[in-house]
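What follows is the content of coords14.txt (compact mmCIF, N, CA, C and O atoms).
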```
# COMPACT_ATOMS: atom_id res chain seq x y z
N ASN A 1 126.65 97.12 71.46
CA ASN A 1 127.51 97.31 72.61
C ASN A 1 126.80 98.16 73.66
O ASN A 1 125.99 99.02 73.34
N THR A 2 127.16 97.93 74.88
CA THR A 2 126.62 98.71 75.99
C THR A 2 127.78 99.36 76.73
O THR A 2 128.76 98.70 77.06
N TYR A 3 127.68 100.64 76.98
CA TYR A 3 128.67 101.37 77.76
C TYR A 3 128.01 101.84 79.04
O TYR A 3 126.87 102.30 79.01
N TYR A 4 128.72 101.73 80.15
CA TYR A 4 128.14 102.17 81.42
C TYR A 4 129.22 102.72 82.32
O TYR A 4 130.42 102.50 82.09
N LEU A 5 128.81 103.43 83.32
CA LEU A 5 129.70 104.00 84.32
C LEU A 5 129.49 103.23 85.62
O LEU A 5 128.37 103.20 86.13
N GLY A 6 130.52 102.61 86.11
CA GLY A 6 130.44 101.87 87.36
C GLY A 6 131.14 102.65 88.47
O GLY A 6 132.02 103.47 88.21
N PHE A 7 130.74 102.42 89.69
CA PHE A 7 131.32 103.12 90.84
C PHE A 7 132.03 102.15 91.77
O PHE A 7 131.53 101.06 92.02
N GLN A 8 133.16 102.58 92.31
CA GLN A 8 133.87 101.83 93.34
C GLN A 8 133.33 102.35 94.68
O GLN A 8 133.69 103.43 95.15
N PHE A 9 132.41 101.59 95.26
CA PHE A 9 131.70 102.06 96.45
C PHE A 9 132.59 102.25 97.67
O PHE A 9 132.21 102.92 98.61
N GLU A 10 133.77 101.67 97.67
CA GLU A 10 134.67 101.85 98.80
C GLU A 10 135.49 103.13 98.69
O GLU A 10 136.17 103.51 99.64
N HIS A 11 135.46 103.79 97.55
CA HIS A 11 136.22 105.03 97.36
C HIS A 11 135.74 106.07 98.37
O HIS A 11 134.55 106.20 98.63
N GLU A 12 136.66 106.83 98.92
CA GLU A 12 136.35 107.79 99.98
C GLU A 12 135.24 108.77 99.59
O GLU A 12 134.37 109.08 100.40
N ILE A 13 135.23 109.23 98.36
CA ILE A 13 134.21 110.19 97.93
C ILE A 13 132.99 109.46 97.37
O ILE A 13 131.85 109.81 97.67
N LEU A 14 133.21 108.44 96.55
CA LEU A 14 132.11 107.76 95.87
C LEU A 14 131.27 106.87 96.78
O LEU A 14 130.21 106.42 96.38
N LYS A 15 131.72 106.65 98.01
CA LYS A 15 130.91 105.83 98.91
C LYS A 15 129.66 106.57 99.40
O LYS A 15 128.75 105.98 99.93
N HIS A 16 129.61 107.87 99.15
CA HIS A 16 128.47 108.68 99.57
C HIS A 16 127.41 108.70 98.46
O HIS A 16 127.66 109.15 97.34
N LEU A 17 126.20 108.24 98.78
CA LEU A 17 125.11 108.18 97.81
C LEU A 17 124.82 109.52 97.15
O LEU A 17 124.64 109.58 95.93
N PRO A 18 124.80 110.64 97.88
CA PRO A 18 124.53 111.93 97.21
C PRO A 18 125.55 112.25 96.11
O PRO A 18 125.20 112.85 95.10
N VAL A 19 126.79 111.85 96.29
CA VAL A 19 127.81 112.09 95.27
C VAL A 19 127.50 111.27 94.02
O VAL A 19 127.55 111.78 92.89
N ARG A 20 127.14 110.02 94.21
CA ARG A 20 126.79 109.17 93.05
C ARG A 20 125.54 109.69 92.35
O ARG A 20 125.46 109.67 91.12
N LYS A 21 124.58 110.18 93.12
CA LYS A 21 123.37 110.76 92.51
C LYS A 21 123.74 112.01 91.72
O LYS A 21 123.22 112.24 90.62
N ALA A 22 124.64 112.82 92.26
CA ALA A 22 125.07 114.04 91.57
C ALA A 22 125.73 113.68 90.24
O ALA A 22 125.44 114.31 89.21
N ILE A 23 126.58 112.68 90.24
CA ILE A 23 127.24 112.27 88.99
C ILE A 23 126.20 111.80 87.99
O ILE A 23 126.26 112.17 86.81
N ALA A 24 125.25 111.02 88.44
CA ALA A 24 124.22 110.50 87.53
C ALA A 24 123.42 111.63 86.89
O ALA A 24 123.12 111.59 85.70
N HIS A 25 123.11 112.68 87.67
CA HIS A 25 122.33 113.80 87.13
C HIS A 25 123.20 114.76 86.32
O HIS A 25 122.66 115.60 85.59
N ALA A 26 124.51 114.66 86.42
CA ALA A 26 125.41 115.56 85.69
C ALA A 26 125.80 115.04 84.31
O ALA A 26 126.41 115.76 83.53
N ILE A 27 125.44 113.82 83.99
CA ILE A 27 125.81 113.23 82.70
C ILE A 27 124.73 113.54 81.67
O ILE A 27 123.57 113.16 81.83
N HIS A 28 125.13 114.22 80.63
CA HIS A 28 124.20 114.60 79.55
C HIS A 28 124.25 113.51 78.48
O HIS A 28 124.97 113.59 77.49
N ARG A 29 123.45 112.46 78.69
CA ARG A 29 123.47 111.29 77.81
C ARG A 29 123.12 111.62 76.37
O ARG A 29 123.72 111.12 75.44
N LYS A 30 122.12 112.48 76.18
CA LYS A 30 121.72 112.84 74.82
C LYS A 30 122.88 113.51 74.07
O LYS A 30 123.09 113.24 72.88
N ALA A 31 123.62 114.38 74.74
CA ALA A 31 124.77 115.04 74.10
C ALA A 31 125.86 114.03 73.77
O ALA A 31 126.49 114.11 72.71
N ILE A 32 126.09 113.08 74.66
CA ILE A 32 127.10 112.04 74.40
C ILE A 32 126.70 111.23 73.17
O ILE A 32 127.51 110.99 72.27
N ILE A 33 125.43 110.84 73.13
CA ILE A 33 124.94 110.05 71.98
C ILE A 33 125.05 110.86 70.70
O ILE A 33 125.50 110.35 69.67
N GLN A 34 124.69 112.13 70.75
CA GLN A 34 124.72 112.96 69.55
C GLN A 34 126.15 113.20 69.07
O GLN A 34 126.44 113.08 67.88
N HIS A 35 127.04 113.56 69.97
CA HIS A 35 128.39 114.00 69.57
C HIS A 35 129.39 112.86 69.43
O HIS A 35 130.26 112.94 68.57
N LEU A 36 129.30 111.85 70.27
CA LEU A 36 130.26 110.75 70.17
C LEU A 36 129.79 109.63 69.25
O LEU A 36 130.59 109.01 68.57
N TYR A 37 128.49 109.41 69.25
CA TYR A 37 127.94 108.29 68.47
C TYR A 37 127.11 108.76 67.28
O TYR A 37 126.46 107.96 66.62
N HIS A 38 127.14 110.08 67.01
CA HIS A 38 126.45 110.66 65.86
C HIS A 38 124.98 110.24 65.79
O HIS A 38 124.45 109.98 64.72
N GLY A 39 124.36 110.15 66.96
CA GLY A 39 122.95 109.81 67.05
C GLY A 39 122.63 108.34 66.85
O GLY A 39 121.46 107.95 66.87
N ALA A 40 123.65 107.51 66.68
CA ALA A 40 123.43 106.09 66.38
C ALA A 40 123.46 105.23 67.65
O ALA A 40 124.12 104.21 67.72
N ALA A 41 122.75 105.68 68.67
CA ALA A 41 122.65 104.94 69.92
C ALA A 41 121.35 105.33 70.61
O ALA A 41 120.71 106.30 70.22
N ILE A 42 120.99 104.57 71.62
CA ILE A 42 119.81 104.90 72.41
C ILE A 42 120.20 104.95 73.88
O ILE A 42 121.13 104.25 74.30
N GLU A 43 119.50 105.76 74.64
CA GLU A 43 119.73 105.80 76.08
C GLU A 43 119.19 104.52 76.71
O GLU A 43 118.16 104.00 76.29
N ALA A 44 119.89 104.07 77.71
CA ALA A 44 119.46 102.85 78.40
C ALA A 44 119.24 103.15 79.88
O ALA A 44 119.87 104.03 80.45
N SER A 45 118.34 102.41 80.48
CA SER A 45 118.11 102.54 81.92
C SER A 45 118.70 101.35 82.67
O SER A 45 118.60 101.27 83.88
N SER A 46 119.33 100.45 81.92
CA SER A 46 119.88 99.23 82.50
C SER A 46 120.98 98.71 81.57
O SER A 46 121.02 99.06 80.40
N ILE A 47 121.85 97.86 82.09
CA ILE A 47 122.83 97.23 81.21
C ILE A 47 122.21 96.06 80.47
O ILE A 47 122.81 95.50 79.56
N LEU A 48 120.98 95.72 80.84
CA LEU A 48 120.27 94.62 80.17
C LEU A 48 119.46 95.16 78.99
O LEU A 48 118.86 96.23 79.07
N LEU A 49 119.42 94.41 77.92
CA LEU A 49 118.61 94.77 76.77
C LEU A 49 117.13 94.52 77.07
O LEU A 49 116.80 93.63 77.83
N PRO A 50 116.24 95.28 76.43
CA PRO A 50 114.81 95.03 76.64
C PRO A 50 114.39 93.61 76.28
O PRO A 50 113.39 93.11 76.81
N SER A 51 115.14 92.94 75.44
CA SER A 51 114.82 91.56 75.07
C SER A 51 115.25 90.54 76.12
O SER A 51 114.86 89.37 76.07
N ASP A 52 116.03 90.98 77.11
CA ASP A 52 116.50 90.07 78.17
C ASP A 52 115.34 89.77 79.11
O ASP A 52 114.60 90.67 79.50
N PRO A 53 115.14 88.51 79.49
CA PRO A 53 114.01 88.19 80.38
C PRO A 53 114.10 88.85 81.76
O PRO A 53 113.09 88.98 82.44
N PHE A 54 115.29 89.29 82.15
CA PHE A 54 115.45 89.94 83.46
C PHE A 54 115.40 91.46 83.37
O PHE A 54 115.52 92.15 84.37
N PHE A 55 115.19 92.00 82.18
CA PHE A 55 115.07 93.44 82.00
C PHE A 55 113.79 93.93 82.69
O PHE A 55 112.75 93.28 82.63
N SER A 56 113.87 95.07 83.35
CA SER A 56 112.70 95.64 84.01
C SER A 56 112.33 96.96 83.36
O SER A 56 113.07 97.95 83.48
N PRO A 57 111.17 97.02 82.69
CA PRO A 57 110.74 98.29 82.11
C PRO A 57 110.36 99.32 83.18
O PRO A 57 110.17 100.49 82.88
N ALA A 58 110.28 98.89 84.44
CA ALA A 58 109.93 99.82 85.52
C ALA A 58 111.10 100.74 85.88
O ALA A 58 110.89 101.76 86.53
N LEU A 59 112.32 100.39 85.46
CA LEU A 59 113.47 101.26 85.75
C LEU A 59 113.36 102.52 84.92
O LEU A 59 113.05 102.48 83.74
N SER A 60 113.61 103.63 85.55
CA SER A 60 113.54 104.89 84.83
C SER A 60 114.94 105.45 84.60
O SER A 60 115.87 105.14 85.33
N GLN A 61 115.05 106.28 83.59
CA GLN A 61 116.32 106.91 83.29
C GLN A 61 116.52 108.09 84.24
O GLN A 61 115.57 108.77 84.61
N VAL A 62 117.75 108.32 84.60
CA VAL A 62 118.07 109.48 85.44
C VAL A 62 118.19 110.68 84.51
O VAL A 62 119.02 110.67 83.59
N PRO A 63 117.38 111.70 84.69
CA PRO A 63 117.42 112.85 83.78
C PRO A 63 118.66 113.72 84.00
O PRO A 63 119.21 113.78 85.11
N TYR A 64 119.09 114.36 82.93
CA TYR A 64 120.19 115.32 83.01
C TYR A 64 119.67 116.57 83.71
O TYR A 64 118.80 117.29 83.19
N GLN A 65 120.14 116.82 84.92
CA GLN A 65 119.71 117.98 85.71
C GLN A 65 120.92 118.53 86.47
O GLN A 65 121.14 118.21 87.64
N PRO A 66 121.73 119.35 85.81
CA PRO A 66 122.95 119.84 86.46
C PRO A 66 122.71 120.63 87.75
O PRO A 66 123.51 120.55 88.68
N GLU A 67 121.58 121.35 87.82
CA GLU A 67 121.29 122.09 89.06
C GLU A 67 121.01 121.13 90.22
O GLU A 67 121.45 121.35 91.34
N LEU A 68 120.30 120.05 89.93
CA LEU A 68 120.05 119.04 90.96
C LEU A 68 121.37 118.35 91.35
O LEU A 68 121.59 118.05 92.53
N ALA A 69 122.23 118.14 90.38
CA ALA A 69 123.54 117.55 90.67
C ALA A 69 124.31 118.43 91.66
O ALA A 69 124.91 117.93 92.61
N ARG A 70 124.26 119.74 91.44
CA ARG A 70 124.95 120.67 92.36
C ARG A 70 124.35 120.58 93.77
O ARG A 70 125.06 120.63 94.77
N LYS A 71 123.02 120.46 93.84
CA LYS A 71 122.36 120.35 95.16
C LYS A 71 122.79 119.07 95.88
O LYS A 71 123.01 119.08 97.09
N TRP A 72 122.90 117.97 95.12
CA TRP A 72 123.35 116.72 95.73
C TRP A 72 124.78 116.86 96.24
O TRP A 72 125.12 116.36 97.32
N LEU A 73 125.63 117.53 95.47
CA LEU A 73 127.01 117.74 95.92
C LEU A 73 127.06 118.62 97.16
O LEU A 73 127.83 118.36 98.09
N ASP A 74 126.22 119.66 97.17
CA ASP A 74 126.14 120.51 98.37
C ASP A 74 125.72 119.67 99.58
O ASP A 74 126.28 119.80 100.67
N ALA A 75 124.73 118.80 99.38
CA ALA A 75 124.24 117.95 100.47
C ALA A 75 125.33 117.02 100.98
O ALA A 75 125.34 116.66 102.16
N ALA A 76 126.24 116.64 100.11
CA ALA A 76 127.33 115.74 100.50
C ALA A 76 128.51 116.51 101.08
O ALA A 76 129.50 115.91 101.50
N GLY A 77 128.41 117.85 101.12
CA GLY A 77 129.48 118.65 101.70
C GLY A 77 130.50 119.14 100.69
O GLY A 77 131.54 119.66 101.07
N PHE A 78 130.21 119.00 99.41
CA PHE A 78 131.12 119.46 98.36
C PHE A 78 130.53 120.70 97.72
O PHE A 78 129.82 120.64 96.73
N ARG A 79 130.81 121.83 98.32
CA ARG A 79 130.24 123.09 97.83
C ARG A 79 131.20 123.74 96.82
O ARG A 79 132.40 123.73 97.00
N GLU A 80 130.60 124.33 95.79
CA GLU A 80 131.40 125.06 94.82
C GLU A 80 131.84 126.37 95.43
O GLU A 80 131.10 127.00 96.18
N LYS A 81 133.05 126.78 95.09
CA LYS A 81 133.57 128.03 95.58
C LYS A 81 133.87 128.94 94.40
O LYS A 81 134.38 128.49 93.38
N LYS A 82 133.56 130.19 94.54
CA LYS A 82 133.88 131.16 93.47
C LYS A 82 135.38 131.43 93.47
O LYS A 82 135.98 131.65 94.52
N GLN A 83 135.95 131.40 92.28
CA GLN A 83 137.36 131.71 92.10
C GLN A 83 137.54 133.22 91.99
O GLN A 83 136.56 133.96 91.86
N ALA A 84 138.78 133.67 92.01
CA ALA A 84 139.06 135.11 91.91
C ALA A 84 138.50 135.71 90.63
O ALA A 84 138.09 136.87 90.61
N ASP A 85 138.43 134.92 89.56
CA ASP A 85 137.92 135.42 88.28
C ASP A 85 136.40 135.33 88.18
O ASP A 85 135.81 135.65 87.15
N GLY A 86 135.73 134.89 89.25
CA GLY A 86 134.28 134.79 89.26
C GLY A 86 133.73 133.46 88.81
O GLY A 86 132.55 133.20 88.94
N SER A 87 134.60 132.58 88.29
CA SER A 87 134.13 131.27 87.86
C SER A 87 133.99 130.35 89.06
O SER A 87 134.53 130.61 90.14
N LEU A 88 133.24 129.27 88.87
CA LEU A 88 133.07 128.28 89.93
C LEU A 88 134.14 127.21 89.77
O LEU A 88 134.49 126.82 88.68
N GLY A 89 134.60 126.70 90.89
CA GLY A 89 135.60 125.66 90.81
C GLY A 89 135.75 124.93 92.11
O GLY A 89 135.12 125.17 93.08
```

Just give me the structure as structure tokens.
Amino acid sequence: NTYYLGFQFEHEILKHLPVRKAIAHAIHRKAIIQHLYHGAAIEASSILLPSDPFFSPALSQVPYQPELARKWLDAAGFREKKQADGSLG
């Protein structure tokens, strides 16, 4: 089975490329595989299997980089604000 996250490009927030890039960098795929699938899965860079003739090995995986995700959100105008308790929200 293949699981993927699709975006509705017409959505007011998701139509902005920096937001979609931020989401991609905020997903910790290795943790999902470890905790939800007990390590019995592999990360994919495409919805196509490597055995598919249209699969491209040139596609790279988007690395988990939460700090870069925050920068992309900042670039899109979605800045984190400190709450009264000091947490971000």

Contacts of Pro66 (chain A) within 7 Å, all atoms listed in the file, excl. fewer than 5 positions in-chain, as a list in words: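 The residues that qualify are Ala22, His25, Ala26, Ile27, Lys71 and Trp72 of chain A.
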
Need to verify the contact set: Gln61 (chain A), 8 Å, all atoms listed in the file, exclusion of same-chain residues closer than 6 positions in sequence. Can you return it as a list in words?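 Here the qualifying residues turn out to be Ala24, Glu43, Ala44, Ser45 and Ser46 of chain A.
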
For the residues in that selection, give me N, CA, C and O atoms as a PDB file, in the coordinates of the input.
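Result went into selection-v8.pdb, see below:
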```pdb
ATOM      1  N   ALA A  24     125.250 111.020  88.440  1.00  0.00           N
ATOM      2  CA  ALA A  24     124.220 110.500  87.530  1.00  0.00           C
ATOM      3  C   ALA A  24     123.420 111.630  86.890  1.00  0.00           C
ATOM      4  O   ALA A  24     123.120 111.590  85.700  1.00  0.00           O
ATOM      5  N   GLU A  43     119.500 105.760  74.640  1.00  0.00           N
ATOM      6  CA  GLU A  43     119.730 105.800  76.080  1.00  0.00           C
ATOM      7  C   GLU A  43     119.190 104.520  76.710  1.00  0.00           C
ATOM      8  O   GLU A  43     118.160 104.000  76.290  1.00  0.00           O
ATOM      9  N   ALA A  44     119.890 104.070  77.710  1.00  0.00           N
ATOM     10  CA  ALA A  44     119.460 102.850  78.400  1.00  0.00           C
ATOM     11  C   ALA A  44     119.240 103.150  79.880  1.00  0.00           C
ATOM     12  O   ALA A  44     119.870 104.030  80.450  1.00  0.00           O
ATOM     13  N   SER A  45     118.340 102.410  80.480  1.00  0.00           N
ATOM     14  CA  SER A  45     118.110 102.540  81.920  1.00  0.00           C
ATOM     15  C   SER A  45     118.700 101.350  82.670  1.00  0.00           C
ATOM     16  O   SER A  45     118.600 101.270  83.880  1.00  0.00           O
ATOM     17  N   SER A  46     119.330 100.450  81.920  1.00  0.00           N
ATOM     18  CA  SER A  46     119.880  99.230  82.500  1.00  0.00           C
ATOM     19  C   SER A  46     120.980  98.710  81.570  1.00  0.00           C
ATOM     20  O   SER A  46     121.020  99.060  80.400  1.00  0.00           O
TER      21      SER A  46
END
```

Between CA of Ala31 (chain A) and atom O of Pro18 (chain A) - distance in Å to one decimal: 21.1 Å

List every residue of region 4-79 of chain A that DSSP, applied to the backbone of this structure, places in helix (DSSP H, G or I), and write the result as a ChimeraX atom specification. /A:17-26,29-36,66-75

Record the distance separating atom C of Gln65 (chain A) and atom N of Tyr4 (chain A), expressed in Å with one decimal.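 Distance between the two atoms: 19.6 Å.
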
Give me, as number ranges by chain, all polymer residues having an atom no more than 12 Å from Ile23 (chain A), counting only C-alpha atoms and skipping those fewer than 5 positions away in the same chain. A: 5-7, 13-14, 16-18, 28-29, 62-73

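Separating atom C of Leu48 (chain A) from atom N of Lys21 (chain A) is a distance of 21.2 Å.
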
Excluding Ile47 (chain A) and its own-chain neighbours fewer than 3 positions away, which residues fall within 8 Å of it when counting all atoms listed in the file? Please give them as a list in words. Asn1, Thr2, Tyr3, Tyr4, Ala44, Pro50 and Phe55 of chain A
